[in-house]
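A.B. asks: First the structure, then my questions, so here it is.
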Amino acid sequence: MVVSFKLNGIKREAIVEADTTLYKLLRELGCYSVKCGCETTNCGLCTVIVNNKSVLSCAVLALDVDGAEIETLEGLESEALEFGLCMADEGSEQCGFCNTGFIVNVVMMMRELDEIDRESVKKYLAGNLCRCTGYQGQLRALEKFIERKRGIKI
């Protein structure tokens with residue numbers, strides 16, 4: 001079956017099987033920032049943006065994105081760079097495996113939420129699993145980033 005979509009602003013078309021996940025398709029198309037750690041929607045590593053909503057690509061069939069606009073970290077580099085630097089400043093990227101899904105969710109959170117406080121941040125990012133950091137470095141980085149971007153302390 002043929003599926004057509006925009007990937008990071010570029011029109012794409014792919015032939016997929018009925019059971020092909022979006023995660024698998026994106027990896028085949030060279031989007032190596034999209035990772036999969038669980039295949040059960042528990043880790044957040046495969047987070048991408050589909051039609052301006054964060055989704056877990058391991059739980060979405062490729063056929064379901066026909067006509068959609070998809071963004072991966074490869075297409076969000078300019079938006080993600082500043083937050084990535086905040087993470088590095090706080091030493092919160094230890095192994096780096098979870099970073100891509102986490103950064104994609106932060107970009108989407110900044111787009112979506114008009115008002116941000118500590119509780120809304122925790123709720124929004126609850127699905128991102130990190131086994132190295134204990135989340136404190138990530139939270140410090142996010143606090144700095146929000147203060148720079150929005151001028152508010154959370």
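In the structure tokens, chains take the letters A, B, ... in the order shown, each chain's residues start at 1, and ligands count up from 1 in the order shown.
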I'd like to know which residues of chain A are helix (DSSP H, G or I) (by DSSP, run on the backbone); could you write them as a ChimeraX atom specification?

C.D. replies: /A:22-28,57-59,62-65,73-75,77-89,99-112,118-124,136-150

A.B. asks: Create the file for the chosen residues now, containing C-alpha atoms and written as a PDB file, in the first residue's frame.

C.D. replies:
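The resulting file, out-v9.pdb, is shown below:
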```pdb
ATOM      1  CA  LEU A  22       5.410   4.707  11.737  1.00  0.00           C
ATOM      2  CA  TYR A  23       8.578   4.109  13.795  1.00  0.00           C
ATOM      3  CA  LYS A  24       9.821   1.490  11.341  1.00  0.00           C
ATOM      4  CA  LEU A  25       8.956   3.627   8.318  1.00  0.00           C
ATOM      5  CA  LEU A  26      10.730   6.691   9.702  1.00  0.00           C
ATOM      6  CA  ARG A  27      13.875   4.695  10.439  1.00  0.00           C
ATOM      7  CA  GLU A  28      13.793   3.284   6.902  1.00  0.00           C
ATOM      8  CA  SER A  57       5.511   6.294  16.569  1.00  0.00           C
ATOM      9  CA  CYS A  58       5.790   2.685  17.753  1.00  0.00           C
ATOM     10  CA  ALA A  59       2.011   2.705  18.335  1.00  0.00           C
ATOM     11  CA  ALA A  62       2.262   4.005   8.830  1.00  0.00           C
ATOM     12  CA  LEU A  63      -1.018   3.831   6.903  1.00  0.00           C
ATOM     13  CA  ASP A  64      -2.597   6.145   9.488  1.00  0.00           C
ATOM     14  CA  VAL A  65      -0.307   9.032   8.512  1.00  0.00           C
ATOM     15  CA  LEU A  73      14.160  15.826  15.541  1.00  0.00           C
ATOM     16  CA  GLU A  74      15.920  16.055  12.164  1.00  0.00           C
ATOM     17  CA  GLY A  75      13.340  18.671  11.162  1.00  0.00           C
ATOM     18  CA  GLU A  77      17.002  21.181  14.820  1.00  0.00           C
ATOM     19  CA  SER A  78      16.717  24.953  15.006  1.00  0.00           C
ATOM     20  CA  GLU A  79      13.959  24.796  17.639  1.00  0.00           C
ATOM     21  CA  ALA A  80      15.694  22.033  19.580  1.00  0.00           C
ATOM     22  CA  LEU A  81      19.247  23.352  19.617  1.00  0.00           C
ATOM     23  CA  GLU A  82      18.810  25.849  22.444  1.00  0.00           C
ATOM     24  CA  PHE A  83      17.178  23.301  24.725  1.00  0.00           C
ATOM     25  CA  GLY A  84      19.827  20.715  23.830  1.00  0.00           C
ATOM     26  CA  LEU A  85      22.493  23.185  24.915  1.00  0.00           C
ATOM     27  CA  CYS A  86      20.657  23.757  28.216  1.00  0.00           C
ATOM     28  CA  MET A  87      20.674  19.976  28.755  1.00  0.00           C
ATOM     29  CA  ALA A  88      24.401  19.824  28.079  1.00  0.00           C
ATOM     30  CA  ASP A  89      25.037  22.723  30.485  1.00  0.00           C
ATOM     31  CA  ASN A  99      17.232  12.824  24.557  1.00  0.00           C
ATOM     32  CA  THR A 100      15.573  12.790  21.168  1.00  0.00           C
ATOM     33  CA  GLY A 101      12.095  11.844  22.396  1.00  0.00           C
ATOM     34  CA  PHE A 102      12.450  14.187  25.348  1.00  0.00           C
ATOM     35  CA  ILE A 103      13.526  17.116  23.158  1.00  0.00           C
ATOM     36  CA  VAL A 104      10.709  16.520  20.656  1.00  0.00           C
ATOM     37  CA  ASN A 105       8.213  16.595  23.535  1.00  0.00           C
ATOM     38  CA  VAL A 106       9.729  19.803  24.933  1.00  0.00           C
ATOM     39  CA  VAL A 107       9.447  21.479  21.527  1.00  0.00           C
ATOM     40  CA  MET A 108       5.813  20.392  21.283  1.00  0.00           C
ATOM     41  CA  MET A 109       5.104  21.467  24.866  1.00  0.00           C
ATOM     42  CA  MET A 110       6.493  24.929  24.157  1.00  0.00           C
ATOM     43  CA  ARG A 111       4.293  25.178  21.057  1.00  0.00           C
ATOM     44  CA  GLU A 112       1.177  23.853  22.728  1.00  0.00           C
ATOM     45  CA  ARG A 118       6.159  22.881  37.225  1.00  0.00           C
ATOM     46  CA  GLU A 119       3.091  20.618  37.426  1.00  0.00           C
ATOM     47  CA  SER A 120       2.154  21.093  33.755  1.00  0.00           C
ATOM     48  CA  VAL A 121       5.756  20.290  32.777  1.00  0.00           C
ATOM     49  CA  LYS A 122       5.780  17.091  34.843  1.00  0.00           C
ATOM     50  CA  LYS A 123       2.429  16.025  33.434  1.00  0.00           C
ATOM     51  CA  TYR A 124       3.376  16.804  29.838  1.00  0.00           C
ATOM     52  CA  GLN A 136      16.694  16.440  38.053  1.00  0.00           C
ATOM     53  CA  GLY A 137      19.224  17.635  35.468  1.00  0.00           C
ATOM     54  CA  GLN A 138      16.584  17.543  32.768  1.00  0.00           C
ATOM     55  CA  LEU A 139      14.211  19.543  34.955  1.00  0.00           C
ATOM     56  CA  ARG A 140      16.917  22.137  35.705  1.00  0.00           C
ATOM     57  CA  ALA A 141      17.671  22.422  31.989  1.00  0.00           C
ATOM     58  CA  LEU A 142      13.992  22.840  31.222  1.00  0.00           C
ATOM     59  CA  GLU A 143      13.608  25.508  33.901  1.00  0.00           C
ATOM     60  CA  LYS A 144      16.490  27.487  32.362  1.00  0.00           C
ATOM     61  CA  PHE A 145      15.088  27.025  28.876  1.00  0.00           C
ATOM     62  CA  ILE A 146      11.595  28.188  29.857  1.00  0.00           C
ATOM     63  CA  GLU A 147      13.041  31.195  31.643  1.00  0.00           C
ATOM     64  CA  ARG A 148      15.049  32.140  28.529  1.00  0.00           C
ATOM     65  CA  LYS A 149      12.185  31.583  26.111  1.00  0.00           C
ATOM     66  CA  ARG A 150       9.230  32.813  28.149  1.00  0.00           C
TER      67      ARG A 150
END
```

A.B. asks: So which residues touch segment 125-134 of chain A within 6 Å, counting only C-alpha atoms, skipping near sequence neighbours fewer than 4 positions away, as JSON, numbers by chain?

C.D. replies: {"A": [43, 44, 98]}

A.B. asks: Rank A:Ser4, A:Ser33, A:Thr20, A:Ser92 by their smallest atom-to-atom distance to Leu76 of chain A, using only C-alpha atoms, and report the top residue only.

C.D. replies: A:Ser33

A.B. asks: If you run DSSP on the backbone, which residues of chain A are strand (DSSP E), as a PDB file with N, CA and C atoms, in the first residue's frame?

C.D. replies:
```pdb
ATOM      1  N   VAL A   2       0.394   2.281  -0.625  1.00  0.00           N
ATOM      2  CA  VAL A   2       1.153   3.518  -0.736  1.00  0.00           C
ATOM      3  C   VAL A   2       0.635   4.527   0.288  1.00  0.00           C
ATOM      4  N   VAL A   3       1.569   5.177   0.955  1.00  0.00           N
ATOM      5  CA  VAL A   3       1.231   6.223   1.914  1.00  0.00           C
ATOM      6  C   VAL A   3       2.016   7.476   1.506  1.00  0.00           C
ATOM      7  N   SER A   4       1.320   8.620   1.508  1.00  0.00           N
ATOM      8  CA  SER A   4       1.933   9.903   1.155  1.00  0.00           C
ATOM      9  C   SER A   4       1.818  10.844   2.338  1.00  0.00           C
ATOM     10  N   PHE A   5       2.868  11.625   2.582  1.00  0.00           N
ATOM     11  CA  PHE A   5       2.886  12.522   3.737  1.00  0.00           C
ATOM     12  C   PHE A   5       4.005  13.530   3.549  1.00  0.00           C
ATOM     13  N   LYS A   6       4.030  14.522   4.417  1.00  0.00           N
ATOM     14  CA  LYS A   6       5.153  15.457   4.461  1.00  0.00           C
ATOM     15  C   LYS A   6       6.011  15.064   5.643  1.00  0.00           C
ATOM     16  N   LEU A   7       7.298  14.894   5.413  1.00  0.00           N
ATOM     17  CA  LEU A   7       8.240  14.548   6.469  1.00  0.00           C
ATOM     18  C   LEU A   7       9.250  15.674   6.588  1.00  0.00           C
ATOM     19  N   ILE A  10       9.108  17.991   3.641  1.00  0.00           N
ATOM     20  CA  ILE A  10       9.343  17.456   2.299  1.00  0.00           C
ATOM     21  C   ILE A  10       8.300  16.391   1.992  1.00  0.00           C
ATOM     22  N   LYS A  11       7.659  16.504   0.829  1.00  0.00           N
ATOM     23  CA  LYS A  11       6.672  15.496   0.431  1.00  0.00           C
ATOM     24  C   LYS A  11       7.371  14.164   0.210  1.00  0.00           C
ATOM     25  N   ARG A  12       6.788  13.125   0.801  1.00  0.00           N
ATOM     26  CA  ARG A  12       7.347  11.766   0.694  1.00  0.00           C
ATOM     27  C   ARG A  12       6.233  10.799   0.356  1.00  0.00           C
ATOM     28  N   GLU A  13       6.633   9.678  -0.209  1.00  0.00           N
ATOM     29  CA  GLU A  13       5.714   8.601  -0.519  1.00  0.00           C
ATOM     30  C   GLU A  13       6.453   7.304  -0.238  1.00  0.00           C
ATOM     31  N   ALA A  14       5.741   6.333   0.316  1.00  0.00           N
ATOM     32  CA  ALA A  14       6.384   5.060   0.626  1.00  0.00           C
ATOM     33  C   ALA A  14       5.393   3.923   0.438  1.00  0.00           C
ATOM     34  N   ILE A  15       5.925   2.789   0.090  1.00  0.00           N
ATOM     35  CA  ILE A  15       5.117   1.572   0.012  1.00  0.00           C
ATOM     36  C   ILE A  15       5.322   0.835   1.323  1.00  0.00           C
ATOM     37  N   THR A  47       9.032   9.332  20.158  1.00  0.00           N
ATOM     38  CA  THR A  47       8.142  10.475  20.011  1.00  0.00           C
ATOM     39  C   THR A  47       8.461  11.280  18.760  1.00  0.00           C
ATOM     40  N   VAL A  48       7.421  11.549  17.993  1.00  0.00           N
ATOM     41  CA  VAL A  48       7.491  12.423  16.822  1.00  0.00           C
ATOM     42  C   VAL A  48       6.259  13.322  16.872  1.00  0.00           C
ATOM     43  N   ILE A  49       6.210  14.289  15.983  1.00  0.00           N
ATOM     44  CA  ILE A  49       5.059  15.179  15.911  1.00  0.00           C
ATOM     45  C   ILE A  49       4.304  14.862  14.622  1.00  0.00           C
ATOM     46  N   VAL A  50       3.024  14.542  14.769  1.00  0.00           N
ATOM     47  CA  VAL A  50       2.157  14.275  13.623  1.00  0.00           C
ATOM     48  C   VAL A  50       0.996  15.258  13.680  1.00  0.00           C
ATOM     49  N   LYS A  53       0.857  17.304  16.886  1.00  0.00           N
ATOM     50  CA  LYS A  53       0.611  16.615  18.155  1.00  0.00           C
ATOM     51  C   LYS A  53       1.726  15.603  18.385  1.00  0.00           C
ATOM     52  N   SER A  54       2.198  15.508  19.619  1.00  0.00           N
ATOM     53  CA  SER A  54       3.197  14.486  19.958  1.00  0.00           C
ATOM     54  C   SER A  54       2.544  13.119  19.909  1.00  0.00           C
ATOM     55  N   VAL A  55       3.199  12.178  19.238  1.00  0.00           N
ATOM     56  CA  VAL A  55       2.698  10.806  19.191  1.00  0.00           C
ATOM     57  C   VAL A  55       3.867   9.844  19.381  1.00  0.00           C
ATOM     58  N   LEU A  56       3.549   8.673  19.842  1.00  0.00           N
ATOM     59  CA  LEU A  56       4.535   7.608  19.989  1.00  0.00           C
ATOM     60  C   LEU A  56       4.498   6.782  18.711  1.00  0.00           C
ATOM     61  N   GLU A  69       1.349  15.622   8.238  1.00  0.00           N
ATOM     62  CA  GLU A  69       2.628  16.320   8.331  1.00  0.00           C
ATOM     63  C   GLU A  69       3.351  15.755   9.543  1.00  0.00           C
ATOM     64  N   ILE A  70       4.541  15.244   9.326  1.00  0.00           N
ATOM     65  CA  ILE A  70       5.321  14.580  10.371  1.00  0.00           C
ATOM     66  C   ILE A  70       6.614  15.358  10.594  1.00  0.00           C
ATOM     67  N   GLU A  71       6.960  15.565  11.860  1.00  0.00           N
ATOM     68  CA  GLU A  71       8.220  16.209  12.206  1.00  0.00           C
ATOM     69  C   GLU A  71       8.989  15.298  13.150  1.00  0.00           C
TER      70      GLU A  71
END
```

A.B. asks: Would you mind telling me which residue in A:Met1, A:Asn8, A:Leu61, A:Thr72 lies nearest to Thr21 of chain A when using only C-alpha atoms?

C.D. replies: A:Leu61

A.B. asks: List the spatial neighbours of Cys36 of chain A as JSON, numbers by chain - criterion: any atom at most 7 Å away, only C-alpha atoms, same-chain residues fewer than 3 positions off excluded.

C.D. replies: {"A": [39, 45, 46]}

A.B. asks: Take the selection from the previous step and output its residues with N, CA and C atoms, as a PDB file, in the first residue's frame.

C.D. replies:
```
ATOM      1  N   GLU A  39       8.632  -0.643  22.492  1.00  0.00           N
ATOM      2  CA  GLU A  39       7.567  -1.082  21.583  1.00  0.00           C
ATOM      3  C   GLU A  39       6.232  -1.262  22.291  1.00  0.00           C
ATOM      4  N   LEU A  45      10.803   7.198  23.663  1.00  0.00           N
ATOM      5  CA  LEU A  45      11.947   7.367  22.764  1.00  0.00           C
ATOM      6  C   LEU A  45      11.540   7.585  21.317  1.00  0.00           C
ATOM      7  N   CYS A  46      10.384   7.081  20.947  1.00  0.00           N
ATOM      8  CA  CYS A  46       9.956   7.147  19.546  1.00  0.00           C
ATOM      9  C   CYS A  46       9.047   8.338  19.268  1.00  0.00           C
TER      10      CYS A  46
END
```
